[in-house]
Amino acid sequence: MTEAPATAEALSTARQALINWKLRQRQDRLAEQDRIEPVSRDGLLPVSEQQRYLWFLHQLAPDVPVYNMPAALRLQGELDERALRSAVTGLVARHESLRTRFRSERGLPCQVIDPPAPMPVTVIDLRSLPAEDRLEHATRLAEQETRRPFDLHNGPLMRCWLARLAEDDHVLLLTLHHIITDGWSVGIITRELAELYAGRGEELPSRQLQPVDHAAWQQRQLSTDTERDQLTYWRERLAEIPPVDVPADRPRPNQPSWRGAIHERPLAPGLIDGARGLAAAESVLSVLAVLTAAFYAVLSRYTDEYDLAVGSVFSGRTRSELESMVGFFANTLVLRADLSGDPTGRELVQRCSGTVLGALGHQDVPFGTVVAELKPDRVPGRNPLFQICFTLLTGDMIGQYNFGDVTVSPVQVQLGTSRFDMAFQVLTLADGSASAWVEYSTELFDQDRIERLIQHYETALASITADPDRRLSQLQLLPAAESQLLLDTWNPAPVDFGTGELLLHDLVAAAAASYPDRAALRFDGADVSYTDLDEQANRLARLLQLEHRIGPDQVVAILLDRGTRIPQAQLAVLKAGGAWLTLDPTHPAKRLAFQLDDASAVLVITDSKLAAALPPDVPRIDLDDPSLARRLAEVEGTAPVCAAQPDNAAYLIYTSGSTGT
């Protein structure tokens, strides 16, 4: 995932002054700390905490390419392949991270930096294919290449691949393992490749410091009082953190495969401008506070939860020495927000601003260190501390630098994996446009659900910015088309059935008169016609009235195994004027006794096999009693007089017991 630089946007003058004062304080504090100094390359070279955590994850699943990072560029123009190879080799020589591998010493990782050497570029010629098929074929091959796992011990951890589409059309693919790079670094790599290709390598700044120097510096800093205080913040902030489970299309598997996909689409024009305007009006640090507020609003509506934690990836380059360095410095911060009390949009933005500021003020502690400190329960298929990411990326790092006369544009390559349940990223460009980019687990979600999520996010963000005084419970999430589908298409105007007094059993009788021989009931290969159903129900209803005085609002329980006898008994109770209560034969006797007592049932229709589960003093009719058939034959098969009215009870039903008695 690409990380977001922590930048201040749309700030008021007072807010800018406050931030500048805080930055000066931070610079003074940094001046008092140890500077990052070059370390000896002899002996065991330390790894950063970010690398240590990723190395640990790699040991658990070495063949899963979930931490591969592809960068695919389309190069259109007369490409000098020799100059490109030289540029790639020069790039690797400049940055030690691109020729670093990792070995284990006593169970712990350390870095091995190989000397500079020519970087191989694998070339695939696709010019024999039809011209209209070449780009698609190259993209498919690139995706296969990006899914090849890396060997962290033997390396190399960067591969270079070039597809020839035509004399003046190529696709360049760089595949790197995340342990040596991050999203910010991809922009540096693209820029420096362009400079080296154009023969301007001498204009690039010299590399006095490398990632291994930062790793050694970081180890010293983690033992300082300042870093211990930051770790205390995270320990308290993330105590008893709840999971955020968005409703999915499929159950979570016990063992994840990390299969995933990417879905991207533009956001509505002007949406980000509206968010920036609200950020300025509320004097919050960044538009990120507004964008996360809308995302939390959607999550809260989806989950009906108000204590929500998501991950957010930041550049981690809090020192100027790191800004032009290729390596893995990105840090994931857990943003835990409180949405309780039905806040207004303004209040929610302020809360999110406080959450972001608090996290940024304690971002020097790597995520892996926070996990090690909190020791959350490890559950297969779940990431520790959070399942969902939300990140803001500003600018388009790829595609801004041409290779001389060769035009560069990004190519979308699907890695086919997802590290989280969902990683939701908002990409904002300099021209004011924006898009939502979502990497999601295909084991959990379908693409149409992700598309609806983006639509709901877009609608929620528009709702917050248009009316920030609207409360969380009142925020609009459904776009107009979906709202119309739910409210109108799927819920049309009520149908007028007239003001007649026909009851359900009257309708069954009418059906028996209209099509007497049609099957009314079907079970286990046997049919019961409407005529037979109606006549049998009539006889039993007359018996209920004659022998047990069943009438309106009197409850008759039915305890029978599944089959045609249940609907026959239900219809008979209705014809007698009573209300039926169906009992489950699998329930314990105490549960059945409670329901009979609670419902004030006056009679139970059952059989001799199931009657043993009933209290002995409850009146009952056994349908398999030989004398019952004789008594039923003696009564008429026509409908009895029913005193029930539409307002009388028809049936009672008990829930599964999830709410107690």
# chains A, B, ... in the order shown; residues from 1 in each chain; ligands from 1
$ select_by_dssp --residues "segment 22-160 of chain A" --states "strand (DSSP E or B)" --output "list in words"
Leu45, Asn68, Met69, Pro70, Ala71, Ala72, Leu73, Arg74, Leu75, Gln76, Thr100, Arg101, Phe102, Arg103, Ser104, Glu105, Leu108, Pro109, Cys110, Gln111, Val112, Ile113, Thr122, Val123, Ile124, Asp125, Met158, Arg159 and Cys160 of chain A
$ select_by_dssp --residues "segment 147-344 of chain A" --states "alpha helix (DSSP H)" --output "VMD selection string"
chain A and resid 183 to 197 211 to 221 225 to 237 271 to 281 288 to 303
$ write_last_selection --atoms "C-alpha atoms" --output "short mmCIF file (atom, residue, chain, number, x, y, z; two decimals), in the first residue's frame"
data_model
loop_
_atom_site.label_atom_id
_atom_site.label_comp_id
_atom_site.auth_asym_id
_atom_site.auth_seq_id
_atom_site.Cartn_x
_atom_site.Cartn_y
_atom_site.Cartn_z
CA GLY A 183 5.38 3.80 -1.73
CA TRP A 184 7.36 7.03 -1.23
CA SER A 185 10.46 5.24 -2.55
CA VAL A 186 8.67 4.33 -5.79
CA GLY A 187 8.46 8.04 -6.61
CA ILE A 188 12.19 8.45 -5.90
CA ILE A 189 13.02 5.44 -8.06
CA THR A 190 10.96 6.79 -10.97
CA ARG A 191 12.53 10.25 -10.74
CA GLU A 192 16.11 8.99 -10.49
CA LEU A 193 15.66 6.46 -13.28
CA ALA A 194 14.56 9.34 -15.52
CA GLU A 195 17.61 11.41 -14.54
CA LEU A 196 20.04 8.51 -14.97
CA TYR A 197 18.49 7.55 -18.34
CA PRO A 211 18.80 2.85 5.31
CA VAL A 212 21.19 0.73 7.42
CA ASP A 213 22.45 3.93 9.03
CA HIS A 214 18.88 4.85 9.91
CA ALA A 215 18.31 1.34 11.32
CA ALA A 216 21.27 1.74 13.68
CA TRP A 217 20.05 5.21 14.72
CA GLN A 218 16.53 3.88 15.29
CA GLN A 219 17.77 1.18 17.65
CA ARG A 220 19.40 3.87 19.80
CA GLN A 221 16.27 6.03 19.79
CA ASP A 225 12.77 8.29 27.41
CA THR A 226 10.98 10.06 24.55
CA GLU A 227 10.34 6.84 22.68
CA ARG A 228 9.27 5.07 25.86
CA ASP A 229 6.74 7.85 26.48
CA GLN A 230 5.42 7.40 22.94
CA LEU A 231 5.05 3.67 23.52
CA THR A 232 3.10 4.39 26.72
CA TYR A 233 0.72 6.54 24.67
CA TRP A 234 0.00 3.65 22.32
CA ARG A 235 -0.36 1.17 25.15
CA GLU A 236 -3.04 3.32 26.77
CA ARG A 237 -4.66 4.47 23.53
CA LEU A 271 -15.92 16.56 -3.46
CA ILE A 272 -12.34 17.07 -2.24
CA ASP A 273 -12.65 20.85 -2.58
CA GLY A 274 -15.68 20.69 -0.28
CA ALA A 275 -13.68 18.62 2.22
CA ARG A 276 -10.81 21.12 2.12
CA GLY A 277 -13.27 23.95 2.69
CA LEU A 278 -14.67 22.26 5.80
CA ALA A 279 -11.15 21.53 7.06
CA ALA A 280 -10.30 25.22 6.71
CA ALA A 281 -13.55 26.32 8.37
CA LEU A 288 -7.43 13.96 6.22
CA ALA A 289 -9.57 14.69 9.30
CA VAL A 290 -12.63 15.31 7.10
CA LEU A 291 -11.99 12.33 4.86
CA THR A 292 -11.54 9.95 7.80
CA ALA A 293 -14.66 11.37 9.48
CA ALA A 294 -16.74 10.34 6.46
CA PHE A 295 -15.12 6.89 6.45
CA TYR A 296 -15.82 6.39 10.16
CA ALA A 297 -19.43 7.44 9.56
CA VAL A 298 -19.82 4.71 6.93
CA LEU A 299 -18.14 2.08 9.13
CA SER A 300 -20.35 3.01 12.07
CA ARG A 301 -23.49 2.65 9.97
CA TYR A 302 -22.26 -0.68 8.56
CA THR A 303 -21.28 -2.16 11.94
#
$ residues_around --residues "Pro109 of chain A" --least-positions-apart "4" --cutoff "8 Å" --atoms "only C-alpha atoms" --output "PyMOL selection string"
chain A and resi 46-47+52+55+102-105
$ write_last_selection --atoms "C-alpha atoms" --output "CSV table (one decimal), in the first residue's frame"
chain,number,residue,atom,x,y,z
A,46,PRO,CA,21.1,-4.1,12.0
A,47,VAL,CA,17.6,-4.0,10.6
A,52,ARG,CA,12.1,-6.8,11.5
A,55,TRP,CA,10.8,-10.4,8.1
A,102,PHE,CA,18.5,-10.6,4.9
A,103,ARG,CA,19.9,-13.6,6.8
A,104,SER,CA,19.1,-15.0,10.2
A,105,GLU,CA,21.6,-15.0,13.0
$ residues_around --residues "Ala629 of chain A" --least-positions-apart "4" --cutoff "12 Å" --atoms "only C-alpha atoms" --output "list of chain:residue names"
A:Gln536, A:Arg539, A:Leu540, A:Leu543, A:Ile621, A:Asp622, A:Leu623, A:Asp624, A:Asp625, A:Ala633, A:Glu634, A:Val635
$ write_last_selection --atoms "N, CA and C atoms" --output "compact mmCIF listing (two decimals), in the first residue's frame"
# COMPACT_ATOMS: atom_id res chain seq x y z
N GLN A 536 -60.81 -31.94 5.80
CA GLN A 536 -60.19 -32.46 7.02
C GLN A 536 -60.11 -31.37 8.09
N ARG A 539 -63.60 -30.80 9.69
CA ARG A 539 -64.00 -31.81 10.66
C ARG A 539 -63.25 -31.61 11.99
N LEU A 540 -61.94 -31.35 11.91
CA LEU A 540 -61.18 -31.15 13.15
C LEU A 540 -61.61 -29.86 13.84
N LEU A 543 -64.71 -30.50 15.79
CA LEU A 543 -64.41 -31.24 17.00
C LEU A 543 -63.82 -30.33 18.08
N ILE A 621 -55.18 -33.51 22.16
CA ILE A 621 -55.78 -34.39 21.16
C ILE A 621 -54.65 -35.15 20.51
N ASP A 622 -54.68 -36.49 20.58
CA ASP A 622 -53.69 -37.32 19.92
C ASP A 622 -54.22 -37.71 18.54
N LEU A 623 -53.52 -37.24 17.49
CA LEU A 623 -54.02 -37.48 16.14
C LEU A 623 -53.96 -38.96 15.75
N ASP A 624 -53.13 -39.76 16.44
CA ASP A 624 -53.07 -41.18 16.12
C ASP A 624 -53.92 -42.03 17.08
N ASP A 625 -54.78 -41.38 17.86
CA ASP A 625 -55.72 -42.10 18.73
C ASP A 625 -56.79 -42.75 17.85
N ALA A 633 -65.32 -38.79 11.90
CA ALA A 633 -66.24 -39.26 10.86
C ALA A 633 -67.68 -38.93 11.19
N GLU A 634 -67.96 -38.71 12.48
CA GLU A 634 -69.33 -38.45 12.91
C GLU A 634 -69.73 -36.99 12.73
N VAL A 635 -68.76 -36.08 12.51
CA VAL A 635 -69.09 -34.66 12.35
C VAL A 635 -69.10 -34.32 10.87
$ residues_around --residues "segment 549-566 of chain A" --least-positions-apart "4" --cutoff "9 Å" --atoms "only C-alpha atoms" --output "ChimeraX atom specification"
/A:521-524,527-528,541,543-545,570-571,573-574,576-585,596,599-607,610-611,620,623,642-645,648-652
$ closest_residue --among "A:Tyr654, A:Phe420, A:Tyr457, A:Phe445" --to "Arg250 of chain A" --atoms "only C-alpha atoms"
A:Phe445
$ closest_residue --among "A:Pro380, A:Ala466, A:Asp488, A:Pro640" --to "Arg252 of chain A" --atoms "only C-alpha atoms"
A:Pro380
$ closest_residue --among "A:Glu439, A:Glu203, A:Glu547, A:Glu136" --to "Phe424 of chain A" --atoms "only C-alpha atoms"
A:Glu439
$ closest_residue --among "A:Arg200, A:Arg591, A:His362, A:His170" --to "Gln76 of chain A" --atoms "only C-alpha atoms"
A:His170
$ atom_distance --atom1 "atom CA of Arg317 of chain A" --atom2 "atom CA of Val66 of chain A"
23.4 Å
$ closest_residue --among "A:Arg630, A:Arg336, A:His263, A:Arg382" --to "Ile450 of chain A" --atoms "only C-alpha atoms"
A:His263
$ residues_around --residues "segment 110-119 of chain A" --least-positions-apart "4" --cutoff "9 Å" --atoms "only C-alpha atoms" --output "PyMOL selection string"
chain A and resi 41+44-47+52+85-86+88-90+92-94+96-105+153+159-160+212
$ atom_distance --atom1 "atom CA of Ala83 of chain A" --atom2 "atom CA of Asp125 of chain A"
18.0 Å
$ atom_distance --atom1 "atom CA of Ala512 of chain A" --atom2 "atom CA of Asp534 of chain A"
6.8 Å
$ residues_around --residues "Pro468 of chain A" --least-positions-apart "2" --cutoff "7 Å" --atoms "only C-alpha atoms" --output "CSV table (one decimal) with C-alpha atoms, in the first residue's frame"
chain,number,residue,atom,x,y,z
A,344,THR,CA,-22.6,16.4,14.4
A,345,GLY,CA,-20.4,16.4,11.3
A,346,ARG,CA,-18.3,19.3,12.8
A,464,ILE,CA,-20.9,16.1,5.9
A,465,THR,CA,-19.4,18.9,3.8
A,466,ALA,CA,-22.8,20.2,2.7
A,470,ARG,CA,-26.3,17.3,10.7
